[in-house]
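Colleague: Structure: query_36.txt, compact mmCIF, C-alpha atoms and all ligand atoms.
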# COMPACT_ATOMS: atom_id res chain seq x y z
CA MET A 217 22.60 -5.80 -28.81
CA THR A 218 19.97 -8.47 -28.15
CA ALA A 219 16.39 -7.31 -27.84
CA GLN A 220 14.96 -6.68 -24.39
CA ILE A 221 12.26 -9.05 -23.20
CA ALA A 222 9.07 -7.84 -21.50
CA LEU A 223 6.28 -9.87 -19.92
CA ILE A 224 2.96 -8.09 -19.49
CA THR A 225 0.20 -9.82 -17.52
CA GLY A 226 -3.38 -9.31 -18.69
CA ALA A 227 -2.09 -8.10 -22.04
CA ASN A 228 -4.96 -9.31 -24.21
CA LYS A 229 -6.84 -6.01 -23.93
CA GLY A 230 -7.02 -2.59 -22.34
CA ILE A 231 -3.97 -0.93 -20.81
CA GLY A 232 -1.97 -4.17 -20.87
CA PHE A 233 -2.42 -4.62 -24.60
CA GLU A 234 -1.47 -1.02 -25.32
CA THR A 235 1.59 -1.34 -23.06
CA ALA A 236 2.66 -4.41 -25.04
CA ARG A 237 2.23 -2.41 -28.24
CA ILE A 238 4.37 0.51 -27.00
CA LEU A 239 7.16 -1.74 -25.70
CA GLY A 240 6.99 -3.90 -28.83
CA LEU A 241 7.20 -0.92 -31.19
CA ASP A 242 10.18 0.16 -29.08
CA GLY A 243 11.91 -3.06 -30.19
CA MET A 244 11.28 -5.33 -27.22
CA ILE A 245 10.18 -8.95 -27.49
CA VAL A 246 6.78 -8.81 -25.81
CA LEU A 247 5.36 -11.79 -23.98
CA VAL A 248 1.61 -11.34 -24.05
CA GLY A 249 0.36 -12.84 -20.79
CA ALA A 250 -3.31 -13.84 -20.87
CA ARG A 251 -5.48 -16.35 -19.05
CA SER A 252 -7.51 -17.08 -22.19
CA ALA A 253 -5.54 -18.82 -24.93
CA ALA A 254 -7.94 -17.61 -27.62
CA LEU A 255 -7.75 -13.96 -26.53
CA GLY A 256 -4.01 -14.10 -25.90
CA GLU A 257 -3.25 -15.63 -29.30
CA LYS A 258 -5.48 -13.04 -30.97
CA ALA A 259 -3.75 -10.15 -29.20
CA ALA A 260 -0.28 -11.49 -30.04
CA ALA A 261 -1.31 -11.92 -33.68
CA ALA A 262 -2.61 -8.34 -33.82
CA LEU A 263 0.70 -7.04 -32.46
CA ALA A 264 2.67 -9.24 -34.85
CA GLU A 265 0.79 -7.62 -37.74
CA GLU A 266 2.42 -4.35 -36.67
CA GLY A 267 5.83 -5.97 -36.95
CA ILE A 268 6.20 -6.67 -33.24
CA ASP A 269 7.84 -9.85 -31.95
CA ALA A 270 4.86 -10.75 -29.76
CA ARG A 271 4.43 -14.19 -28.20
CA PHE A 272 1.40 -15.39 -26.27
CA VAL A 273 2.19 -16.82 -22.84
CA HIS A 274 -0.60 -18.55 -20.96
CA LEU A 275 -0.76 -16.92 -17.54
CA ASP A 276 -3.55 -16.84 -14.98
CA VAL A 277 -2.03 -14.89 -12.12
CA THR A 278 -4.25 -16.65 -9.57
CA ASP A 279 -3.15 -20.13 -10.66
CA ALA A 280 0.22 -21.21 -9.23
CA VAL A 281 0.62 -23.98 -11.83
CA SER A 282 0.07 -21.54 -14.69
CA VAL A 283 2.48 -19.00 -13.17
CA GLN A 284 5.27 -21.57 -12.79
CA ALA A 285 4.64 -22.98 -16.28
CA ALA A 286 5.01 -19.45 -17.70
CA ALA A 287 8.31 -18.94 -15.85
CA ASP A 288 9.58 -22.33 -17.03
CA ARG A 289 8.69 -21.54 -20.62
CA ILE A 290 10.45 -18.16 -20.54
CA GLU A 291 13.48 -19.84 -18.97
CA ASP A 292 13.58 -22.49 -21.72
CA GLU A 293 12.85 -20.16 -24.62
CA LEU A 294 14.65 -16.95 -23.68
CA GLY A 295 16.55 -17.52 -20.42
CA ARG A 296 16.05 -13.97 -19.18
CA LEU A 297 13.47 -11.26 -18.54
CA ASP A 298 14.16 -7.51 -18.57
CA VAL A 299 10.72 -6.10 -17.81
CA LEU A 300 7.79 -7.46 -15.82
CA VAL A 301 4.55 -5.47 -15.97
CA ASN A 302 2.08 -6.70 -13.35
CA ASN A 303 -0.96 -5.30 -15.11
CA ALA A 304 -3.69 -7.93 -14.69
CA GLY A 305 -6.37 -6.56 -12.40
CA ILE A 306 -10.04 -6.75 -11.59
CA THR A 307 -12.82 -4.78 -9.94
CA PRO A 308 -14.92 -7.61 -8.57
CA THR A 309 -18.67 -7.11 -8.60
CA ASP A 310 -21.42 -8.81 -6.65
CA ALA A 311 -22.64 -11.70 -8.83
CA SER A 312 -26.19 -11.12 -7.66
CA ASP A 313 -25.99 -7.49 -8.76
CA PRO A 314 -23.24 -7.13 -11.38
CA ALA A 315 -23.86 -3.43 -11.85
CA SER A 316 -23.39 -2.71 -8.18
CA SER A 317 -20.49 -1.08 -6.41
CA PRO A 318 -21.71 -1.59 -2.87
CA PRO A 319 -20.61 0.80 -0.13
CA PRO A 320 -18.15 -0.70 2.37
CA SER A 321 -20.96 -1.54 4.81
CA ARG A 322 -22.50 -3.91 2.22
CA VAL A 323 -19.37 -5.46 0.78
CA SER A 324 -19.01 -9.20 1.26
CA PRO A 325 -15.60 -10.53 2.35
CA GLY A 326 -15.68 -12.69 -0.78
CA LEU A 327 -15.48 -9.60 -3.01
CA VAL A 328 -12.47 -8.33 -1.05
CA ARG A 329 -10.84 -11.77 -1.26
CA ALA A 330 -11.37 -11.86 -5.02
CA ALA A 331 -9.78 -8.44 -5.49
CA PHE A 332 -6.77 -9.37 -3.35
CA GLU A 333 -6.33 -12.76 -5.07
CA THR A 334 -5.73 -11.10 -8.44
CA ASN A 335 -4.53 -7.58 -7.64
CA VAL A 336 -2.16 -8.43 -4.77
CA LEU A 337 -1.44 -12.14 -4.34
CA GLY A 338 -1.24 -12.61 -8.11
CA VAL A 339 1.45 -9.94 -8.26
CA VAL A 340 3.45 -11.62 -5.50
CA ALA A 341 3.17 -15.03 -7.18
CA VAL A 342 4.20 -13.76 -10.62
CA THR A 343 6.99 -11.56 -9.26
CA ASN A 344 8.53 -14.37 -7.22
CA ALA A 345 8.35 -16.77 -10.17
CA MET A 346 9.94 -14.25 -12.55
CA LEU A 347 12.60 -12.77 -10.25
CA PRO A 348 15.26 -15.40 -11.07
CA LEU A 349 14.87 -14.40 -14.74
CA LEU A 350 14.87 -10.67 -13.96
CA ARG A 351 18.05 -11.03 -11.92
CA ARG A 352 19.80 -12.10 -15.15
CA SER A 353 18.96 -8.75 -16.78
CA PRO A 354 21.49 -5.93 -16.61
CA ALA A 355 18.64 -3.53 -15.78
CA GLY A 356 15.49 -5.33 -14.66
CA ARG A 357 12.30 -3.32 -14.26
CA ILE A 358 9.11 -4.32 -12.43
CA VAL A 359 6.04 -2.16 -12.92
CA ASN A 360 3.03 -2.75 -10.71
CA VAL A 361 -0.07 -1.21 -12.26
CA SER A 362 -1.77 0.44 -9.32
CA SER A 363 -4.32 3.26 -9.25
CA SER A 364 -4.60 6.66 -7.65
CA LEU A 365 -7.55 5.06 -5.79
CA GLY A 366 -4.88 3.20 -3.79
CA SER A 367 -3.52 6.48 -2.45
CA LEU A 368 -4.58 7.00 1.17
CA THR A 369 -3.47 10.62 0.88
CA ARG A 370 -5.83 11.18 -2.06
CA THR A 371 -8.77 9.27 -0.63
CA THR A 372 -8.55 11.15 2.69
CA ASP A 373 -8.07 14.56 1.08
CA PRO A 374 -11.33 16.46 1.78
CA SER A 375 -10.95 18.44 -1.44
CA ALA A 376 -10.55 15.32 -3.61
CA SER A 377 -12.10 12.33 -1.87
CA PRO A 378 -15.83 13.12 -2.38
CA SER A 379 -15.42 12.62 -6.13
CA LEU A 380 -13.39 9.42 -5.82
CA PRO A 381 -15.22 6.05 -5.92
CA ASN A 382 -15.20 4.39 -2.49
CA LEU A 383 -14.69 0.83 -3.76
CA LEU A 384 -13.48 -1.10 -0.73
CA PRO A 385 -12.29 -4.28 -2.53
CA TYR A 386 -10.51 -2.46 -5.35
CA ASN A 387 -9.12 0.54 -3.50
CA THR A 388 -7.73 -1.46 -0.59
CA SER A 389 -6.18 -3.98 -2.97
CA LYS A 390 -4.31 -1.19 -4.74
CA THR A 391 -3.15 0.30 -1.41
CA ALA A 392 -1.84 -3.16 -0.52
CA LEU A 393 -0.21 -3.44 -3.94
CA ASN A 394 1.65 -0.19 -3.24
CA ALA A 395 2.98 -1.73 -0.03
CA VAL A 396 4.04 -4.77 -2.04
CA THR A 397 5.97 -2.46 -4.39
CA VAL A 398 7.81 -0.88 -1.48
CA ALA A 399 8.64 -4.29 0.03
CA TYR A 400 10.24 -5.57 -3.20
CA ALA A 401 12.04 -2.27 -3.81
CA ARG A 402 13.58 -2.55 -0.34
CA GLU A 403 14.73 -6.12 -0.90
CA LEU A 404 16.13 -5.32 -4.35
CA ALA A 405 17.85 -2.05 -3.40
CA GLY A 406 21.48 -2.45 -4.37
CA THR A 407 20.58 -4.58 -7.41
CA PRO A 408 19.92 -3.18 -10.90
CA ILE A 409 16.22 -4.04 -10.55
CA LYS A 410 13.81 -1.14 -10.06
CA VAL A 411 10.29 -1.72 -8.73
CA ASN A 412 7.61 0.95 -9.01
CA SER A 413 3.86 1.41 -8.79
CA VAL A 414 2.15 3.42 -11.49
CA ALA A 415 -1.22 5.14 -11.68
CA PRO A 416 -2.25 5.16 -15.36
CA GLY A 417 -5.17 7.55 -14.87
CA PHE A 418 -8.86 6.96 -15.56
CA CYS A 419 -8.90 5.15 -18.91
CA ALA A 420 -11.87 3.82 -20.88
CA THR A 421 -11.60 0.01 -20.61
CA ASP A 422 -13.80 -2.97 -19.78
CA LEU A 423 -12.73 -2.54 -16.14
CA ASN A 424 -14.92 0.53 -15.75
CA GLY A 425 -17.50 -0.05 -18.50
CA HIS A 426 -15.55 2.34 -20.72
CA THR A 427 -16.45 5.33 -18.54
CA GLY A 428 -12.81 6.47 -18.30
CA THR A 429 -11.86 9.84 -19.70
CA ARG A 430 -8.46 8.81 -21.06
CA THR A 431 -7.59 6.28 -23.75
CA PRO A 432 -5.95 2.98 -22.80
CA ALA A 433 -2.96 4.11 -24.86
CA GLN A 434 -2.56 7.19 -22.67
CA GLY A 435 -2.58 5.00 -19.58
CA ALA A 436 -0.16 2.59 -21.21
CA ALA A 437 2.29 5.42 -21.91
CA VAL A 438 2.63 5.91 -18.15
CA VAL A 439 3.15 2.18 -17.60
CA ALA A 440 5.68 1.89 -20.42
CA GLY A 441 7.56 4.92 -19.09
CA ALA A 442 8.20 3.09 -15.83
CA ALA A 443 9.28 -0.02 -17.76
CA VAL A 444 12.08 1.85 -19.56
CA LEU A 445 13.39 3.97 -16.68
CA GLY A 446 17.08 4.73 -16.90
CA GLY A 447 19.60 3.69 -14.29
CA ASP A 448 19.14 7.03 -12.52
CA GLY A 449 15.37 6.58 -12.28
CA PRO A 450 13.47 5.99 -9.04
CA THR A 451 12.68 2.71 -7.34
CA GLY A 452 10.01 2.16 -4.70
CA ALA A 453 8.05 5.10 -6.13
CA TYR A 454 4.39 5.71 -7.06
CA LEU A 455 4.42 7.33 -10.47
CA SER A 456 1.87 8.98 -12.74
CA GLU A 457 1.83 11.22 -15.79
CA ASP A 458 1.91 14.22 -13.44
CA GLY A 459 4.85 13.00 -11.40
CA ARG A 460 4.74 11.19 -8.08
CA VAL A 461 1.44 10.24 -6.48
CA PRO A 462 1.38 10.73 -2.70
CA TRP A 463 1.09 7.41 -0.88
N1 LIG B 501 -8.89 1.61 -16.60
C1 LIG B 501 -8.56 2.46 -15.63
O1 LIG B 501 -9.09 3.58 -15.53
C2 LIG B 501 -7.52 2.08 -14.63
C3 LIG B 501 -7.11 3.06 -13.71
C4 LIG B 501 -6.15 2.73 -12.78
C5 LIG B 501 -5.59 1.46 -12.78
N2 LIG B 501 -6.01 0.53 -13.69
C6 LIG B 501 -5.39 -0.79 -13.64
O2 LIG B 501 -4.89 -1.11 -14.92
C7 LIG B 501 -4.80 -2.53 -15.06
C8 LIG B 501 -5.42 -2.94 -16.39
O3 LIG B 501 -6.79 -2.65 -16.33
P1 LIG B 501 -7.66 -2.22 -17.61
O4 LIG B 501 -8.32 -0.96 -17.26
O5 LIG B 501 -6.86 -2.31 -18.83
O6 LIG B 501 -8.79 -3.36 -17.54
P2 LIG B 501 -9.26 -4.50 -18.55
O7 LIG B 501 -9.40 -3.98 -19.92
O8 LIG B 501 -10.43 -5.11 -17.86
O9 LIG B 501 -8.02 -5.52 -18.54
C9 LIG B 501 -7.73 -6.29 -17.42
C10 LIG B 501 -6.82 -7.41 -17.87
O10 LIG B 501 -6.49 -8.21 -16.74
C11 LIG B 501 -6.71 -9.56 -17.09
N3 LIG B 501 -6.92 -10.41 -15.93
C12 LIG B 501 -7.85 -10.33 -14.97
N4 LIG B 501 -7.71 -11.35 -14.10
C13 LIG B 501 -6.64 -12.08 -14.52
C14 LIG B 501 -6.00 -13.23 -14.05
N5 LIG B 501 -6.42 -13.90 -12.97
N6 LIG B 501 -4.90 -13.68 -14.72
C15 LIG B 501 -4.47 -13.05 -15.82
N7 LIG B 501 -5.06 -11.97 -16.34
C16 LIG B 501 -6.14 -11.48 -15.69
C17 LIG B 501 -7.92 -9.52 -18.00
O11 LIG B 501 -8.05 -10.75 -18.70
P3 LIG B 501 -9.49 -11.23 -19.27
O12 LIG B 501 -9.70 -10.54 -20.58
O13 LIG B 501 -9.31 -12.72 -19.41
O14 LIG B 501 -10.53 -10.85 -18.25
C18 LIG B 501 -7.50 -8.35 -18.88
O15 LIG B 501 -6.56 -8.77 -19.83
C19 LIG B 501 -5.50 -3.12 -13.83
O16 LIG B 501 -4.55 -3.50 -12.87
C20 LIG B 501 -6.31 -1.94 -13.31
O17 LIG B 501 -6.58 -2.03 -11.93
C21 LIG B 501 -6.96 0.81 -14.61
For the structure just supplied, provide its representation as structure tokens.
Modeller:
Amino acid sequence: MTAQIALITGANKGIGFETARILGLDGMIVLVGARSAALGEKAAAALAEEGIDARFVHLDVTDAVSVQAAADRIEDELGRLDVLVNNAGITPTDASDPASSPPPSRVSPGLVRAAFETNVLGVVAVTNAMLPLLRRSPAGRIVNVSSSLGSLTRTTDPSASPSLPNLLPYNTSKTALNAVTVAYARELAGTPIKVNSVAPGFCATDLNGHTGTRTPAQGAAVVAGAAVLGGDGPTGAYLSEDGRVPW
């Protein structure tokens, strides 16, 4: 059997890198998407040292030219994609106060726009560019890396919400991403392609100044699990280590 092929966006570090490692050690060819050539090459080389067939693919999810070039390269080199992990994500901060997480009443529209450009529109752009390749897979899987902070049920639960960060740009972008997941799952129902959101849990990465309580590898295990779902697995679902997250 030929090896499965997985593209992971934002795979040069954090949860994306660890997801590439898990899928690569599982025998997949991993395409290490990164917007920085230096960081992407370095990550792919580190994975190759572990015996993984890892290949750097230049991919800035906010740049349409870069997205199409990545799809063209995968088409030319491999002709198919089995797994797409939309992992690249940001928590935009106010440039004038990088340490700040302003309350909604002080958030500038620019911060919200920045979050949506990467966390939502980037996912749509990459997914649409890669879908022709995923349709050639016998069992395509799309994993959108969301967050439990995108759950309206969680963030409106009086017993849970006081402890959850109220980050308007980030949280609303992940809620929108969940809606994007559902939209693709509906279109692709009746095809072998499954589309799910995952919440990896609070992991120590650059995204949160390494304040997370879980390791990136623990978060990546959740992501990778959704990438290798069997034919009887869910689609259009919001998954975590503890089962389904309420929307
Ligand atoms: N850490 C957590 O607790 C947590 C919890 C829930 C969900 N998540 C989600 O998990 C995903 C990965 O986050 P992480 O925690 O691993 O953060 P991270 O270490 O900061 O990694 C984020 C990755 O996304 C990449 N990226 C950002 N903008 C990009 C763009 N325009 N094009 C391509 N790549 C881009 C970054 O590349 P550069 O190195 O070039 O910046 C980096 O590789 C995100 O979607 C995040 O929202 C994280």
Colleague: Within 6 Å of ligand LIG 501 (chain B), which residues show up when you count all atoms listed in the file? List them as a PyMOL selection string, please.
Modeller: chain A and resi 225-232+250-252+275-278+303-306+334+361-363+415-423+428
Colleague: Taking only C-alpha atoms into account, name the residue in A:Ala443, A:Val323, A:Val299, A:Leu368 that is nearest to Ser353 in chain A.
Modeller: A:Val299
Colleague: Provide the CA of Ala442 in chain A to CA of Leu300 in chain A distance in Å, to one decimal place.
Modeller: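 CA of Leu300 in chain A lies 10.6 Å from CA of Ala442 in chain A.
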Colleague: One decimal, in Å: what's the spacing between CA of Asn387 in chain A and CA of Phe332 in chain A?
Modeller: 10.2 Å
Colleague: CA of Leu239 in chain A to CA of Thr388 in chain A: how many Å, to one decimal?
Modeller: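 CA of Thr388 in chain A lies at a distance of 29.2 Å from CA of Leu239 in chain A.
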Colleague: Have a look at A:Leu337, A:Lys410, A:Ile245, A:Asp373 and name the one nearest to Ala392 in chain A; count all atoms listed in the file.
Modeller: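 That would be A:Leu337, the residue with the smallest distance to Ala392 in chain A.
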Colleague: Considering all atoms listed in the file, state which residue in the set A:Glu403, A:Glu293, A:Asp448, A:Asp298 is at the smallest distance from Ile221 in chain A.
Modeller: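 The closest residue to Ile221 in chain A is A:Asp298.
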Colleague: Around the point (3.6, 0.6, -10.5) in the file's coordinates, collect all residues with an atom within 7 Å, using all atoms listed in the file, and return them as a list in words.
Modeller: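 Collected hits near the coordinates: Val359, Asn360, Val361, Ser362, Asn412, Ser413, Val414, Ala415, Tyr454 and Leu455 of chain A.
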Colleague: So which one's closest to Gly256 in chain A, A:Leu383, A:Asp242, A:Phe272, A:Arg289? Using all atoms listed in the file, please.
Modeller: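 The answer is A:Phe272, which sits nearest to Gly256 in chain A.
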